[in-house]
Amino acid sequence: MRFSLALAMTQPGRILTLSKAAEAAGWHGVTMPESVFYPEEVSAKYPYSADGQRFWPSDADWVDPWVAIPAIAASTERLMLGTNVTKLALRHPLLMAKTVGSAAAMFPGRIELGVGLSWIPEEFAWLGQDMSTRGVRLDEQVDVMRKVLAGGWVEHHGRFYDFDRMRMDPAAEPSVPIHIGGHSNAGLRRALLRGDGWIGAQGDLAAVREVIGRLGELREQLGDDVRVPAERFEVKLTPIVAPTVDAMEELAALGVTEVITVPWYFYGDDPEDPKAQDEAVARFGDEVIAPMAKR
């Protein structure tokens, strides 16, 4: 099992410091979430909380992940860097491929991409995208990006995107893993059919067990149509469990391959205090990551 530090709502000036601390403490990677902007009024409920309300303040910092990722990569030596998740349905896949491919070429083998939709109608409306087609567009967007990121001359003629023979250099080598989010059956199917893995939001042990069960059932239904075999399929999420080796081993037994977490919420200190953040990153490394590595 691997562990990635999620830098959600992190002050811009803390991102590089925390990334360096994570590398020193043995973390596998750092992930950056995304929020483009805050509508003062949102016409939809947040899907990952019991009451449908966002659990973060309206003025929380959300640094653009594809600004932060190259900066972190240049400041560290081995951390894997990715997104949890890029809202690909809000963007043109060719422009996104250029950004991701450039980062992957500069930092080979250290870049991965988590993609998803968006639950906020205002994001689609104000960015000029159709929310009603977001799922089928995401399918095609992933296809376009894989094709372009592989390098060489390619063309694509689809329902939403159409271009003749072109190439985009530098090509990503090795290839960029793409993990696909979404807790609905449609999202899980998309991850199995088009992804190198599934990337999820937060959930307790029962929720983790339930979603992994559904992934297994859908894999059986899809049969040979799945993109990668079960032994190479990643399951990455943010579990709401105790920060202990026993809890992590229970997740690993269920099939979780990577835990994405924010450790300074575990230990009872002020989560906004820089010293508490640094100490939590190191403590989680000592008490969880190192013992798990030995086992």
# chains A, B, ... in the order shown; residues from 1 in each chain; ligands from 1

$ closest_atom_pairs --of "range 172-204 of chain A" --to "range 136-141 of chain A" --cutoff "12 Å" --atoms "only C-alpha atoms" --output "CSV"
residue,atom,partner,partner_atom,distance
A:Ile178,CA,A:Gln141,CA,11.5
A:Ile180,CA,A:Leu138,CA,9.6
A:Gly181,CA,A:Leu138,CA,10.7
A:Gly182,CA,A:Leu138,CA,11.3
A:Ala186,CA,A:Val136,CA,10.1
A:Gly187,CA,A:Asp139,CA,10.0
A:Arg189,CA,A:Asp139,CA,10.5
A:Arg190,CA,A:Asp139,CA,7.1
A:Ala191,CA,A:Asp139,CA,9.6
A:Leu192,CA,A:Asp139,CA,11.6
A:Leu193,CA,A:Asp139,CA,9.3
A:Arg194,CA,A:Asp139,CA,7.5
A:Gly195,CA,A:Asp139,CA,10.0

$ select_by_dssp --residues "range 19-256 of chain A" --states "helix (DSSP H, G or I)" --output "PyMOL selection string"
chain A and resi 19-24+65-75+88-90+93-106+121-126+131-149+185-194+205-225+230-232+245-254

$ write_last_selection --atoms "C-alpha atoms" --output "compact mmCIF listing (two decimals), in the first residue's frame"
# COMPACT_ATOMS: atom_id res chain seq x y z
CA SER A 19 5.87 18.33 0.01
CA LYS A 20 9.52 18.28 1.07
CA ALA A 21 8.48 17.12 4.54
CA ALA A 22 6.42 14.31 3.02
CA GLU A 23 9.34 13.12 0.94
CA ALA A 24 11.60 13.13 3.99
CA PRO A 65 -2.85 21.74 -9.40
CA TRP A 66 -0.99 22.09 -12.68
CA VAL A 67 0.79 25.17 -11.38
CA ALA A 68 1.71 23.43 -8.12
CA ILE A 69 2.74 20.04 -9.53
CA PRO A 70 5.78 21.20 -11.57
CA ALA A 71 6.91 23.37 -8.65
CA ILE A 72 6.70 20.41 -6.26
CA ALA A 73 8.46 18.14 -8.75
CA ALA A 74 11.33 20.60 -9.10
CA SER A 75 11.63 20.88 -5.32
CA LEU A 88 -11.57 17.26 -16.95
CA ALA A 89 -15.18 17.73 -18.04
CA LEU A 90 -14.62 21.50 -17.73
CA PRO A 93 -8.70 17.53 -23.74
CA LEU A 94 -6.03 18.74 -26.16
CA LEU A 95 -5.08 21.65 -23.92
CA MET A 96 -5.13 19.37 -20.88
CA ALA A 97 -2.95 16.84 -22.71
CA LYS A 98 -0.42 19.57 -23.50
CA THR A 99 -0.18 20.52 -19.83
CA VAL A 100 0.05 16.97 -18.49
CA GLY A 101 2.38 15.76 -21.26
CA SER A 102 4.78 18.65 -20.70
CA ALA A 103 4.97 17.95 -16.97
CA ALA A 104 5.47 14.23 -17.61
CA ALA A 105 8.27 14.93 -20.08
CA MET A 106 10.05 17.21 -17.63
CA PRO A 121 -23.74 23.43 -12.27
CA GLU A 122 -22.30 26.95 -12.12
CA GLU A 123 -18.84 25.71 -13.11
CA PHE A 124 -20.23 24.27 -16.32
CA ALA A 125 -22.46 27.25 -17.07
CA TRP A 126 -19.84 29.92 -16.44
CA MET A 131 -23.23 19.63 -17.83
CA SER A 132 -25.79 17.26 -19.31
CA THR A 133 -23.14 15.58 -21.50
CA ARG A 134 -20.35 15.56 -18.94
CA GLY A 135 -20.19 11.76 -18.59
CA VAL A 136 -20.02 10.84 -22.27
CA ARG A 137 -17.66 13.75 -22.91
CA LEU A 138 -15.35 12.52 -20.17
CA ASP A 139 -15.25 9.11 -21.86
CA GLU A 140 -14.14 10.72 -25.11
CA GLN A 141 -11.78 13.13 -23.36
CA VAL A 142 -9.87 10.25 -21.77
CA ASP A 143 -9.67 8.52 -25.16
CA VAL A 144 -8.32 11.70 -26.79
CA MET A 145 -5.75 12.29 -24.08
CA ARG A 146 -4.44 8.72 -24.15
CA LYS A 147 -4.10 8.92 -27.91
CA VAL A 148 -2.25 12.24 -27.89
CA LEU A 149 -0.04 11.51 -24.87
CA ASN A 185 -21.95 2.78 -11.13
CA ALA A 186 -21.38 4.85 -14.27
CA GLY A 187 -18.21 6.30 -12.75
CA LEU A 188 -16.96 2.89 -11.64
CA ARG A 189 -17.65 1.42 -15.08
CA ARG A 190 -15.76 4.31 -16.67
CA ALA A 191 -12.77 3.63 -14.43
CA LEU A 192 -12.77 -0.08 -15.32
CA LEU A 193 -13.23 0.50 -19.05
CA ARG A 194 -10.88 3.46 -19.52
CA LEU A 205 -14.71 1.52 6.23
CA ALA A 206 -18.25 0.43 5.35
CA ALA A 207 -18.32 2.79 2.37
CA VAL A 208 -14.92 1.53 1.19
CA ARG A 209 -16.07 -2.08 1.47
CA GLU A 210 -19.26 -1.28 -0.45
CA VAL A 211 -17.60 0.53 -3.35
CA ILE A 212 -14.88 -2.11 -3.76
CA GLY A 213 -17.62 -4.74 -3.82
CA ARG A 214 -19.37 -2.89 -6.61
CA LEU A 215 -16.10 -2.58 -8.52
CA GLY A 216 -15.70 -6.35 -8.33
CA GLU A 217 -19.25 -7.00 -9.50
CA LEU A 218 -18.90 -4.61 -12.42
CA ARG A 219 -15.55 -6.15 -13.37
CA GLU A 220 -17.23 -9.53 -13.65
CA GLN A 221 -20.02 -8.06 -15.78
CA LEU A 222 -17.61 -6.28 -18.13
CA GLY A 223 -15.31 -9.27 -18.54
CA ASP A 224 -12.68 -8.81 -21.22
CA ASP A 225 -13.74 -5.21 -21.87
CA ALA A 230 -7.40 -6.70 -11.41
CA GLU A 231 -3.83 -7.12 -10.21
CA ARG A 232 -2.78 -3.89 -11.98
CA VAL A 245 -1.17 0.07 10.88
CA ASP A 246 -4.06 -2.26 11.72
CA ALA A 247 -6.57 0.06 10.01
CA MET A 248 -4.39 0.35 6.93
CA GLU A 249 -3.87 -3.38 6.73
CA GLU A 250 -7.63 -3.86 6.82
CA LEU A 251 -7.94 -1.46 3.87
CA ALA A 252 -5.18 -3.25 1.99
CA ALA A 253 -6.98 -6.56 2.51
CA LEU A 254 -10.06 -5.06 0.88

$ select_by_dssp --residues "range 21-105 of chain A" --states "strand (DSSP E)" --output "JSON, numbers by chain"
{"A": [29, 30, 31, 32, 80, 81, 82, 83, 86, 87]}

$ residues_around --residues "Arg54 in chain A" --least-positions-apart "2" --cutoff "12 Å" --atoms "only C-alpha atoms" --output "ChimeraX atom specification"
/A:38-39,41-42,44-52,56-58,60,119-120

$ residues_around --residues "Thr83 in chain A" --least-positions-apart "5" --cutoff "10 Å" --atoms "only C-alpha atoms" --output "number ranges by chain"
A: 6-7, 30-34, 65-66, 69, 111-116, 178-179, 199

$ write_last_selection --atoms "C-alpha atoms" --output "short mmCIF file (atom, residue, chain, number, x, y, z; two decimals), in the first residue's frame"
data_model
loop_
_atom_site.label_atom_id
_atom_site.label_comp_id
_atom_site.auth_asym_id
_atom_site.auth_seq_id
_atom_site.Cartn_x
_atom_site.Cartn_y
_atom_site.Cartn_z
CA ALA A 6 -3.40 15.50 -0.08
CA LEU A 7 -2.76 19.23 -0.11
CA VAL A 30 1.51 14.28 -3.14
CA THR A 31 -1.88 14.90 -4.70
CA MET A 32 -3.53 18.20 -5.53
CA PRO A 33 -7.31 18.60 -5.61
CA GLU A 34 -9.04 21.20 -7.73
CA PRO A 65 -2.85 21.74 -9.40
CA TRP A 66 -0.99 22.09 -12.68
CA ILE A 69 2.74 20.04 -9.53
CA ILE A 111 3.31 12.35 -13.05
CA GLU A 112 -0.11 10.76 -12.92
CA LEU A 113 -3.57 12.11 -13.60
CA GLY A 114 -6.78 11.70 -11.66
CA VAL A 115 -9.83 12.91 -13.56
CA GLY A 116 -13.46 13.40 -12.75
CA ILE A 178 -4.99 7.92 -15.62
CA HIS A 179 -7.22 7.21 -12.65
CA ILE A 199 -9.84 7.32 -7.47
#

$ atom_distance --atom1 "CA of Trp198 in chain A" --atom2 "CA of Val63 in chain A"
23.4 Å

$ closest_residue --among "A:Glu258, A:Asp164, A:Asp196, A:Asp273" --to "Val176 in chain A" --atoms "only C-alpha atoms"
A:Asp196

$ atom_distance --atom1 "CA of Ser184 in chain A" --atom2 "CA of Gly29 in chain A"
26.4 Å
